[in-house]
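Visitor: Here's a structure for you.
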Amino acid sequence: MTAMATLPSATPDYTMGYGAGAVDALGRATAESHARHLLPYLRPGLRVLDCGCGPGTISVGLAEAVAPGELHGVDIEESQVSLARSAARLKKLENALFQVGDATDLPFEDGYFDVAHCHRLLIHVPDTRTVLTEVKRVLKPGGIISCREMICESSFMYPDFGGTRRSWDLFEDLVAADDGHPQIGKEMKGHIVEAGFENIRMSASFSTYSTPKEIAVIYDLIDRFLLSEEIVEAAIKYGAFSRGLYNDIRTSYSKLKSHPAAFCGLAYGEAIANKPLR
C-alpha cells in the first residue's frame, strides 16, 4: 500500500465517480456479458433486487429474464437511477422499477425478493458485512444472492509499455483510500459465509476488451478518471504520484490505444449462494 491510502477522495465510497468515461464503461455491461453466472437461476415470475444497479443496463436483462416478475433496481446516485429508468423505457419494460436507495439500509420489507444481484458493488462499500446482512434480510428463505466483484491484482492491460501495471497499482490504492476492497472478488466467499448464507458456488471470469472500439473505451476511462487533473493533483499532494509517473502512464496508454496486440482483461470472482430455509 502506498501513501495513497491516506488520500481523501472527492467521491467517498465510490472511487470511480460519475464522469463521462466511468458512466460509459458502466453502460456497456449487460446481463449476458456481466451476469451470465446468474442467468440459469432466473425464471419468469421471480422478484429480483439489483443492488447498486448503476445505469440499469444489466438490470433490464434481468427484468426480461423474470418477466412478468418484478425487477427492483436500487442505487445511491440519483443520476444513475434516472439512466436506469430510461433504459427500461427504451425496452418498454413495465416490470423494471428503480429508486434511490442505500445498500446498507434497503427500502424493502423482510423476505420480499427471490433473488438479489450485485455487480461491482462490494468493492466500493466499506461495510461488506452490513450490505450482505441487509441483502439477506430482504431475501425469502432459500432465496439467492449473486455477486460479481473485481480482483484488481489479476486484471491486466497488454502490452505494458512500462506504465499500465503501475496504473493498476494506483487504482487499487484509490479504492483502498475510499475504504474499498480492491481484491474483494477473491475474498467474498468468506464474507458470504460469515453473513450466514449457505450452498455457496464460486466461479471466476474475465470481461475482455480487444477490438479497437473496446480498447478506446478503456483508454477513455483511464484518461477521464485515473489521469484526470483532480486525481493527479491530489495524488501528487499526498506523495503517491509524480509528474514523471503520470507521464509514464499516459505514454504507455497512448501507445497501447493503437497497438494491434492491445488486450485488456478485468478479472472477477463470482458467487451464488442461498439464504437458509430456517
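How things are named: the first chain in the C-alpha cells is A, the next is B, and so on; residues count from 1 in each chain; ligands count from 1 in the order shown.
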I'd like a table as a Markdown table: residues in range 180-243 of chain A with an atom no more than 8 Å from range 254-269 of chain A, each row giving the shortest atom pair and its distance in Å to one decimal, only C-alpha atoms counted, sorted by chain and rising residue number.

Guide:
```
| residue | atom | partner | partner_atom | distance |
| --- | --- | --- | --- | --- |
| A:Ile184 | CA | A:Gly269 | CA | 7.9 |
| A:Gly185 | CA | A:Gly269 | CA | 4.1 |
| A:Lys186 | CA | A:Gly269 | CA | 5.6 |
| A:Met202 | CA | A:Gly269 | CA | 7.3 |
| A:Ser203 | CA | A:Gly269 | CA | 6.0 |
| A:Ala204 | CA | A:Gly269 | CA | 4.4 |
| A:Ser205 | CA | A:Tyr268 | CA | 5.4 |
| A:Phe206 | CA | A:Ala267 | CA | 4.6 |
| A:Ser207 | CA | A:Leu266 | CA | 5.1 |
| A:Thr208 | CA | A:Gly265 | CA | 4.5 |
| A:Tyr209 | CA | A:Cys264 | CA | 5.0 |
| A:Ser210 | CA | A:Phe263 | CA | 4.7 |
| A:Pro212 | CA | A:Ser258 | CA | 7.4 |
| A:Ile215 | CA | A:Lys257 | CA | 6.3 |
| A:Ala216 | CA | A:Lys257 | CA | 6.3 |
| A:Tyr219 | CA | A:Lys257 | CA | 6.5 |
```

Visitor: Any chance you can output those residues with all heavy atoms as a CSV table (one decimal), in the first residue's frame?

Guide:
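Result file follows (again-v9.csv):
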```
chain,number,residue,atom,x,y,z
A,184,ILE,N,-11.8,-7.9,-3.5
A,184,ILE,CA,-12.9,-8.5,-2.9
A,184,ILE,C,-13.4,-9.7,-3.7
A,184,ILE,O,-14.0,-10.6,-3.2
A,184,ILE,CB,-14.1,-7.4,-2.8
A,184,ILE,CG1,-15.2,-8.0,-1.9
A,184,ILE,CG2,-14.6,-7.0,-4.1
A,184,ILE,CD1,-14.9,-8.2,-0.5
A,185,GLY,N,-13.2,-9.7,-5.0
A,185,GLY,CA,-13.6,-10.8,-5.9
A,185,GLY,C,-13.1,-12.2,-5.4
A,185,GLY,O,-13.8,-13.2,-5.6
A,186,LYS,N,-11.9,-12.2,-4.8
A,186,LYS,CA,-11.4,-13.5,-4.3
A,186,LYS,C,-11.6,-13.7,-2.8
A,186,LYS,O,-11.4,-14.7,-2.3
A,186,LYS,CB,-9.9,-13.6,-4.7
A,186,LYS,CG,-9.0,-12.7,-4.0
A,186,LYS,CD,-7.5,-12.9,-4.3
A,186,LYS,CE,-6.6,-12.0,-3.6
A,186,LYS,NZ,-5.2,-12.3,-3.9
A,202,MET,N,-18.8,-20.9,-6.2
A,202,MET,CA,-17.9,-19.8,-6.6
A,202,MET,C,-17.4,-20.1,-8.1
A,202,MET,O,-17.2,-21.3,-8.4
A,202,MET,CB,-16.6,-19.8,-5.7
A,202,MET,CG,-16.9,-19.3,-4.3
A,202,MET,SD,-17.6,-17.6,-4.1
A,202,MET,CE,-16.2,-16.7,-4.9
A,203,SER,N,-17.2,-19.1,-8.8
A,203,SER,CA,-16.6,-19.2,-10.1
A,203,SER,C,-15.8,-17.9,-10.4
A,203,SER,O,-15.7,-17.0,-9.5
A,203,SER,CB,-17.6,-19.4,-11.2
A,203,SER,OG,-18.6,-18.3,-11.2
A,204,ALA,N,-15.1,-17.8,-11.5
A,204,ALA,CA,-14.4,-16.6,-11.9
A,204,ALA,C,-14.4,-16.5,-13.4
A,204,ALA,O,-14.6,-17.4,-14.1
A,204,ALA,CB,-12.9,-16.8,-11.4
A,205,SER,N,-14.3,-15.2,-13.8
A,205,SER,CA,-14.3,-14.9,-15.3
A,205,SER,C,-13.6,-13.6,-15.5
A,205,SER,O,-13.3,-12.9,-14.6
A,205,SER,CB,-15.8,-14.9,-15.8
A,205,SER,OG,-16.4,-13.8,-15.2
A,206,PHE,N,-13.4,-13.4,-16.8
A,206,PHE,CA,-12.8,-12.1,-17.3
A,206,PHE,C,-13.8,-11.4,-18.1
A,206,PHE,O,-14.5,-12.0,-19.0
A,206,PHE,CB,-11.5,-12.3,-18.1
A,206,PHE,CG,-10.3,-12.6,-17.2
A,206,PHE,CD1,-10.0,-13.9,-16.9
A,206,PHE,CD2,-9.5,-11.6,-16.8
A,206,PHE,CE1,-8.8,-14.2,-16.2
A,206,PHE,CE2,-8.3,-11.8,-16.1
A,206,PHE,CZ,-8.0,-13.1,-15.7
A,207,SER,N,-13.9,-10.1,-18.0
A,207,SER,CA,-14.5,-9.2,-19.0
A,207,SER,C,-13.4,-8.7,-19.9
A,207,SER,O,-12.4,-8.1,-19.4
A,207,SER,CB,-15.3,-8.1,-18.4
A,207,SER,OG,-16.4,-8.5,-17.7
A,208,THR,N,-13.4,-9.0,-21.2
A,208,THR,CA,-12.3,-8.7,-22.0
A,208,THR,C,-12.6,-7.6,-23.0
A,208,THR,O,-13.8,-7.4,-23.4
A,208,THR,CB,-11.9,-10.0,-22.8
A,208,THR,OG1,-13.0,-10.5,-23.5
A,208,THR,CG2,-11.4,-11.0,-21.8
A,209,TYR,N,-11.6,-6.9,-23.4
A,209,TYR,CA,-11.6,-5.8,-24.3
A,209,TYR,C,-10.5,-6.0,-25.3
A,209,TYR,O,-9.3,-6.0,-24.9
A,209,TYR,CB,-11.5,-4.5,-23.6
A,209,TYR,CG,-12.5,-4.2,-22.5
A,209,TYR,CD1,-12.4,-4.9,-21.3
A,209,TYR,CD2,-13.6,-3.4,-22.7
A,209,TYR,CE1,-13.3,-4.7,-20.3
A,209,TYR,CE2,-14.5,-3.2,-21.7
A,209,TYR,CZ,-14.4,-3.8,-20.5
A,209,TYR,OH,-15.3,-3.6,-19.5
A,210,SER,N,-10.8,-6.1,-26.6
A,210,SER,CA,-9.7,-6.4,-27.6
A,210,SER,C,-9.9,-5.6,-28.9
A,210,SER,O,-8.9,-5.4,-29.6
A,210,SER,CB,-9.6,-7.9,-27.8
A,210,SER,OG,-10.8,-8.4,-28.4
A,212,PRO,N,-10.5,-2.5,-31.5
A,212,PRO,CA,-10.1,-1.1,-31.4
A,212,PRO,C,-11.2,-0.2,-30.6
A,212,PRO,O,-10.8,0.6,-29.8
A,212,PRO,CB,-10.0,-0.6,-32.8
A,212,PRO,CG,-9.6,-1.9,-33.6
A,212,PRO,CD,-10.4,-3.0,-32.9
A,215,ILE,N,-10.9,-1.1,-26.8
A,215,ILE,CA,-9.7,-0.5,-26.3
A,215,ILE,C,-9.9,1.0,-26.1
A,215,ILE,O,-9.4,1.6,-25.1
A,215,ILE,CB,-8.5,-0.9,-27.1
A,215,ILE,CG1,-8.2,-2.4,-27.1
A,215,ILE,CG2,-7.2,-0.1,-26.6
A,215,ILE,CD1,-7.9,-3.0,-25.7
A,216,ALA,N,-10.5,1.6,-27.0
A,216,ALA,CA,-10.8,3.0,-26.9
A,216,ALA,C,-11.6,3.4,-25.7
A,216,ALA,O,-11.4,4.4,-25.1
A,216,ALA,CB,-11.5,3.6,-28.2
A,219,TYR,N,-9.2,3.2,-22.8
A,219,TYR,CA,-8.4,4.4,-22.8
A,219,TYR,C,-9.1,5.6,-22.3
A,219,TYR,O,-8.6,6.4,-21.6
A,219,TYR,CB,-7.9,4.6,-24.3
A,219,TYR,CG,-7.0,5.9,-24.4
A,219,TYR,CD1,-5.7,5.9,-24.1
A,219,TYR,CD2,-7.6,7.1,-24.8
A,219,TYR,CE1,-4.9,7.0,-24.2
A,219,TYR,CE2,-6.8,8.2,-24.9
A,219,TYR,CZ,-5.5,8.2,-24.6
A,219,TYR,OH,-4.8,9.3,-24.7
```

Visitor: Near range 132-144 of chain A, within 12 Å and counting only C-alpha atoms, which residues show up once chain neighbours fewer than 5 positions away are dropped, as a VMD selection string?

Guide: chain A and resid 38 to 42 46 to 52 72 74 102 to 118 121 to 122 125 to 127 188 to 201 271 to 278

Visitor: Residues near Ala63 in chain A, anyone? I mean within 8 Å using only C-alpha atoms, not counting same-chain ones fewer than 5 positions away, as a list in words.

Guide: Val48, Gly69, Glu70, Leu71, Leu93, Asn95 and Ala96 of chain A

Visitor: Name the residues in contact with His181 in chain A at a cut-off of 7 Å, using only C-alpha atoms, excluding same-chain residues fewer than 3 positions from it; report them as a PyMOL selection string.

Guide: chain A and resi 123-124+175-176+184

Visitor: Store the residues of this selection in a file with N, CA, C and O atoms, as a PDB file, in the first residue's frame.

Guide:
```pdb
ATOM      1  N   ILE A 123     -16.923  -3.967  -3.871  1.00  0.00           N
ATOM      2  CA  ILE A 123     -15.591  -3.372  -3.992  1.00  0.00           C
ATOM      3  C   ILE A 123     -15.556  -1.957  -3.445  1.00  0.00           C
ATOM      4  O   ILE A 123     -14.556  -1.506  -2.901  1.00  0.00           O
ATOM      5  N   HIS A 124     -16.691  -1.255  -3.532  1.00  0.00           N
ATOM      6  CA  HIS A 124     -16.726   0.154  -3.156  1.00  0.00           C
ATOM      7  C   HIS A 124     -17.338   0.438  -1.789  1.00  0.00           C
ATOM      8  O   HIS A 124     -17.136   1.514  -1.244  1.00  0.00           O
ATOM      9  N   VAL A 175      -8.989   2.851  -4.520  1.00  0.00           N
ATOM     10  CA  VAL A 175     -10.115   2.106  -3.946  1.00  0.00           C
ATOM     11  C   VAL A 175      -9.909   1.930  -2.443  1.00  0.00           C
ATOM     12  O   VAL A 175     -10.829   2.146  -1.642  1.00  0.00           O
ATOM     13  N   ALA A 176      -8.702   1.545  -2.045  1.00  0.00           N
ATOM     14  CA  ALA A 176      -8.413   1.351  -0.625  1.00  0.00           C
ATOM     15  C   ALA A 176      -8.529   2.662   0.147  1.00  0.00           C
ATOM     16  O   ALA A 176      -8.962   2.672   1.305  1.00  0.00           O
ATOM     17  N   ILE A 184     -11.762  -7.867  -3.532  1.00  0.00           N
ATOM     18  CA  ILE A 184     -12.950  -8.485  -2.935  1.00  0.00           C
ATOM     19  C   ILE A 184     -13.447  -9.688  -3.732  1.00  0.00           C
ATOM     20  O   ILE A 184     -14.050 -10.608  -3.179  1.00  0.00           O
TER      21      ILE A 184
END
```

Visitor: Write out as number ranges by chain each polymer residue whose atoms come within 12 Å of Leu226 in chain A, counting only C-alpha atoms; drop sequence neighbours fewer than 3 positions from it.

Guide: A: 15-17, 19, 21-22, 164, 166-175, 218-223, 229-235, 241, 246, 249-250, 253

Visitor: Please report, as a compact mmCIF listing (two decimals) with N, CA, C and O atoms, in the first residue's frame, each residue of range 113-250 of chain A to which DSSP assigns strand (DSSP E) when run on this structure's backbone.

Guide:
```txt
# COMPACT_ATOMS: atom_id res chain seq x y z
N PHE A 113 -37.76 -10.60 -1.72
CA PHE A 113 -37.17 -10.99 -3.00
C PHE A 113 -36.80 -12.47 -3.07
O PHE A 113 -36.43 -13.08 -2.07
N ASP A 114 -36.88 -12.98 -4.28
CA ASP A 114 -36.39 -14.33 -4.57
C ASP A 114 -34.89 -14.33 -4.87
O ASP A 114 -34.18 -15.30 -4.58
N VAL A 115 -34.43 -13.26 -5.48
CA VAL A 115 -33.03 -13.16 -5.94
C VAL A 115 -32.52 -11.74 -5.68
O VAL A 115 -33.25 -10.76 -5.88
N ALA A 116 -31.27 -11.64 -5.24
CA ALA A 116 -30.59 -10.34 -5.11
C ALA A 116 -29.29 -10.40 -5.90
O ALA A 116 -28.51 -11.35 -5.75
N HIS A 117 -29.07 -9.39 -6.73
CA HIS A 117 -27.89 -9.34 -7.59
C HIS A 117 -27.08 -8.09 -7.29
O HIS A 117 -27.64 -7.01 -7.05
N CYS A 118 -25.77 -8.26 -7.28
CA CYS A 118 -24.90 -7.07 -7.23
C CYS A 118 -23.68 -7.30 -8.11
O CYS A 118 -23.16 -8.42 -8.21
N HIS A 119 -23.28 -6.24 -8.76
CA HIS A 119 -22.11 -6.29 -9.65
C HIS A 119 -21.24 -5.07 -9.39
O HIS A 119 -21.70 -3.93 -9.48
N LEU A 139 -34.26 -11.08 1.40
CA LEU A 139 -34.46 -12.30 0.63
C LEU A 139 -35.42 -13.25 1.35
O LEU A 139 -35.44 -13.33 2.58
N LYS A 140 -36.20 -13.99 0.57
CA LYS A 140 -37.03 -15.06 1.11
C LYS A 140 -36.13 -16.19 1.60
O LYS A 140 -35.00 -16.36 1.11
N PRO A 141 -36.59 -17.02 2.53
CA PRO A 141 -35.84 -18.23 2.87
C PRO A 141 -35.58 -19.06 1.62
O PRO A 141 -36.48 -19.30 0.81
N GLY A 142 -34.34 -19.46 1.43
CA GLY A 142 -33.95 -20.19 0.23
C GLY A 142 -33.60 -19.30 -0.94
O GLY A 142 -33.15 -19.78 -1.99
N GLY A 143 -33.81 -17.98 -0.78
CA GLY A 143 -33.53 -17.04 -1.86
C GLY A 143 -32.05 -16.98 -2.22
O GLY A 143 -31.18 -17.38 -1.44
N ILE A 144 -31.77 -16.48 -3.41
CA ILE A 144 -30.42 -16.48 -3.98
C ILE A 144 -29.78 -15.10 -3.91
O ILE A 144 -30.40 -14.10 -4.24
N ILE A 145 -28.51 -15.07 -3.48
CA ILE A 145 -27.68 -13.88 -3.64
C ILE A 145 -26.66 -14.18 -4.73
O ILE A 145 -26.08 -15.27 -4.79
N SER A 146 -26.44 -13.20 -5.61
CA SER A 146 -25.47 -13.32 -6.69
C SER A 146 -24.55 -12.11 -6.65
O SER A 146 -25.01 -10.97 -6.66
N CYS A 147 -23.25 -12.34 -6.58
CA CYS A 147 -22.26 -11.25 -6.54
C CYS A 147 -21.20 -11.49 -7.61
O CYS A 147 -20.74 -12.62 -7.79
N ARG A 148 -20.81 -10.43 -8.30
CA ARG A 148 -19.67 -10.49 -9.23
C ARG A 148 -18.79 -9.29 -8.93
O ARG A 148 -19.21 -8.14 -9.13
N GLU A 149 -17.58 -9.54 -8.44
CA GLU A 149 -16.73 -8.47 -7.93
C GLU A 149 -15.31 -8.60 -8.46
O GLU A 149 -14.81 -9.70 -8.71
N MET A 150 -14.64 -7.47 -8.60
CA MET A 150 -13.32 -7.42 -9.23
C MET A 150 -12.22 -8.02 -8.37
O MET A 150 -12.25 -7.98 -7.14
N PHE A 156 -5.49 -6.99 -16.14
CA PHE A 156 -4.28 -6.64 -16.90
C PHE A 156 -4.60 -5.81 -18.13
O PHE A 156 -5.73 -5.80 -18.63
N MET A 157 -3.59 -5.11 -18.58
CA MET A 157 -3.55 -4.48 -19.91
C MET A 157 -2.27 -4.96 -20.58
O MET A 157 -1.21 -4.98 -19.94
N TYR A 158 -2.36 -5.33 -21.85
CA TYR A 158 -1.18 -5.82 -22.58
C TYR A 158 -1.15 -5.17 -23.96
O TYR A 158 -2.20 -5.01 -24.58
N GLU A 198 -25.56 -20.06 2.67
CA GLU A 198 -25.11 -21.44 2.53
C GLU A 198 -25.15 -21.87 1.07
O GLU A 198 -25.58 -21.11 0.20
N ASN A 199 -24.67 -23.09 0.81
CA ASN A 199 -24.66 -23.65 -0.54
C ASN A 199 -23.97 -22.70 -1.52
O ASN A 199 -24.50 -22.36 -2.58
N ILE A 200 -22.78 -22.28 -1.18
CA ILE A 200 -22.06 -21.27 -1.94
C ILE A 200 -21.36 -21.90 -3.14
O ILE A 200 -20.63 -22.89 -3.01
N ARG A 201 -21.59 -21.32 -4.31
CA ARG A 201 -20.96 -21.78 -5.55
C ARG A 201 -20.11 -20.64 -6.11
O ARG A 201 -20.63 -19.59 -6.45
N MET A 202 -18.80 -20.86 -6.17
CA MET A 202 -17.87 -19.83 -6.63
C MET A 202 -17.39 -20.13 -8.05
O MET A 202 -17.23 -21.28 -8.44
N SER A 203 -17.17 -19.06 -8.80
CA SER A 203 -16.57 -19.18 -10.13
C SER A 203 -15.77 -17.90 -10.37
O SER A 203 -15.75 -16.99 -9.54
N ALA A 204 -15.13 -17.84 -11.51
CA ALA A 204 -14.37 -16.64 -11.88
C ALA A 204 -14.43 -16.46 -13.38
O ALA A 204 -14.62 -17.42 -14.14
N SER A 205 -14.27 -15.22 -13.82
CA SER A 205 -14.31 -14.94 -15.25
C SER A 205 -13.60 -13.62 -15.53
O SER A 205 -13.28 -12.86 -14.61
N PHE A 206 -13.37 -13.37 -16.80
CA PHE A 206 -12.81 -12.09 -17.25
C PHE A 206 -13.82 -11.38 -18.14
O PHE A 206 -14.49 -12.02 -18.96
N SER A 207 -13.91 -10.08 -17.98
CA SER A 207 -14.53 -9.24 -19.01
C SER A 207 -13.39 -8.73 -19.87
O SER A 207 -12.45 -8.11 -19.37
N THR A 208 -13.44 -9.01 -21.17
CA THR A 208 -12.30 -8.71 -22.04
C THR A 208 -12.61 -7.59 -23.03
O THR A 208 -13.77 -7.39 -23.43
N TYR A 209 -11.56 -6.92 -23.41
CA TYR A 209 -11.63 -5.80 -24.35
C TYR A 209 -10.48 -5.98 -25.34
O TYR A 209 -9.31 -6.01 -24.93
```

Visitor: What residues in range 32-179 of chain A get the DSSP label helix (DSSP H, G or I)? Please answer as number ranges by chain.

Guide: A: 32-34, 39-41, 59-66, 78-90, 128-138, 152-154, 164-177

Visitor: What is the CA of Asp75 in chain A-CA of Glu214 in chain A distance in Å, reported with one decimal?

Guide: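 It comes out at 25.9 Å.
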